[in-house]
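Engineer: For reference, the structure I am asking about is given below.
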Amino acid sequence: MALDRAARLLVAVERDGPTCVWCGRTFGAQVVPTTEHVVPRVKGGPSWLENEVAACRRCNSERGHTAPVPWLEECQRRGWLPDEQRLERVLTALDGAITDRGGQRRARPYLEAQLRRLRRRGSPSADRSRPA
């Protein structure tokens with residue numbers, strides 16, 4: 001049985017923790033979580049748990065259909081604390097799910113391009129280990 005949107009949001013929060021993937025704010029009465037499609041639906045992104053993270057309403061609304069890596073970079077420019085490792089984990093899981101399940105013709109090239117761009121940025125742990 002497939003999970004509905006509300007159930008997928010709960011699973012995403014349990015899986016990833018109670019913070020927005022883009023700004024890092026903790027969810028609560030004032031910061032409400034929403035289902036965020038990492039690969040936007042208009043770009044062929046499926047409504048699968050592997051393509052969803054929890055994001056606050058502000059970030060979800062402001063991101064719109066912006067690609068994940070450019071939005072990650074915009075969040076960093078704004079001084080927010082986006083979770084780059086969570087983003088990479090979700091994109092990688094989605095890649096595996098598409099490989100296993102098939103289909104998603106429109107999402108595949110978009111996803112591959114975002115993974116390449118994210119990996120070219122280098123891992124956050126590597127950035128912290130570089131001398132200043």
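We label chains A, B, ... in the order they appear in the structure tokens, count residues from 1 in each chain, and number ligands from 1 in the order shown.
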Can you pull out every residue within 7 Å of stretch 115-121 of chain A, counting only C-alpha atoms, but drop anything in the same chain fewer than 2 positions away, and send it as a PyMOL selection string?
Structural biologist: chain A and resi 69+91+111-113+123
Engineer: Any chance you could export the current selection's C-alpha atoms as a PDB file, in the first residue's frame?
Structural biologist:
```
ATOM      1  CA  VAL A  69      21.813  22.714  -6.212  1.00  0.00           C
ATOM      2  CA  LEU A  91      19.300  12.522  -4.679  1.00  0.00           C
ATOM      3  CA  LEU A 111      18.657  14.201 -11.575  1.00  0.00           C
ATOM      4  CA  GLU A 112      21.975  13.149 -13.121  1.00  0.00           C
ATOM      5  CA  ALA A 113      22.883  16.781 -13.836  1.00  0.00           C
ATOM      6  CA  SER A 123      31.784  17.137   0.091  1.00  0.00           C
TER       7      SER A 123
END
```
Engineer: A:Ala7: which residues within 12 Å, counting only C-alpha atoms, same-chain residues fewer than 3 positions away excluded, as a ChimeraX atom specification?
Structural biologist: /A:1-4,10-14,34-35,48-49,52,54
Engineer: Which is closest to A:Gly102 among A:Glu74, A:Pro46, A:Trp22, A:Glu62, if we use only C-alpha atoms?
Structural biologist: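 Among A:Glu74, A:Pro46, A:Trp22, A:Glu62, it is A:Pro46 that comes nearest to A:Gly102.
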Engineer: So, with only C-alpha atoms as the atoms that count, which of A:Val32, A:Ile98, A:Cys56, A:Ala6 lies closest to A:Pro82?
Structural biologist: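 Selected residue with least distance to A:Pro82: A:Cys56.
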Engineer: For each of A:His65, A:Arg106, A:Arg77, A:Arg57, take the minimum atom-to-atom distance to A:Thr19, counting only C-alpha atoms, then give the residue where this is smallest.
Structural biologist: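 Residue with the minimum atom-to-atom distance to A:Thr19: A:Arg57.
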Engineer: Of the candidates A:Gly96, A:Gly45, A:Gly24, A:Pro33, which shows the shortest atom-to-atom distance to A:Leu81, using only C-alpha atoms?
Structural biologist: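 Checking each candidate against A:Leu81, we get A:Gly24 as the closest.
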Engineer: Where does DSSP see helix (DSSP H, G or I) in chain A, if you list the residues as number ranges by chain?
Structural biologist: A: 5-16, 41-43, 49-51, 57-63, 68-77, 84-101, 107-121, 124-129
Engineer: With distances taken over only C-alpha atoms, which of A:Val90, A:Arg25, A:Gly79, A:Arg8 is nearest to A:Cys59?
Structural biologist: A:Arg25
Engineer: Measuring between only C-alpha atoms, which one of A:Val39, A:Ala107, A:Gly122, A:Glu50 shows the shortest distance to A:Arg15?
Structural biologist: A:Glu50
Engineer: With DSSP run on the backbone, what are the strand (DSSP E) residues within chain A? I'd like them as a PyMOL selection string.
Structural biologist: chain A and resi 33-37+52-56
Engineer: I'd like the interatomic distance between atom CA of A:Pro40 and atom CA of A:Thr92, to a tenth of an Å.
Structural biologist: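 According to the coordinates, atom CA of A:Pro40 and atom CA of A:Thr92 are separated by 15.4 Å.
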Engineer: What is the atom CA of A:Gly44-atom CA of A:Asp83 distance in Å, reported with one decimal?
Structural biologist: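 We find that atom CA of A:Gly44 and atom CA of A:Asp83 lie 23.1 Å from each other.
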Engineer: In Å, rounded to a single decimal, give me how far atom CA of A:Ala55 is from atom CA of A:Gln114.
Structural biologist: 18.6 Å
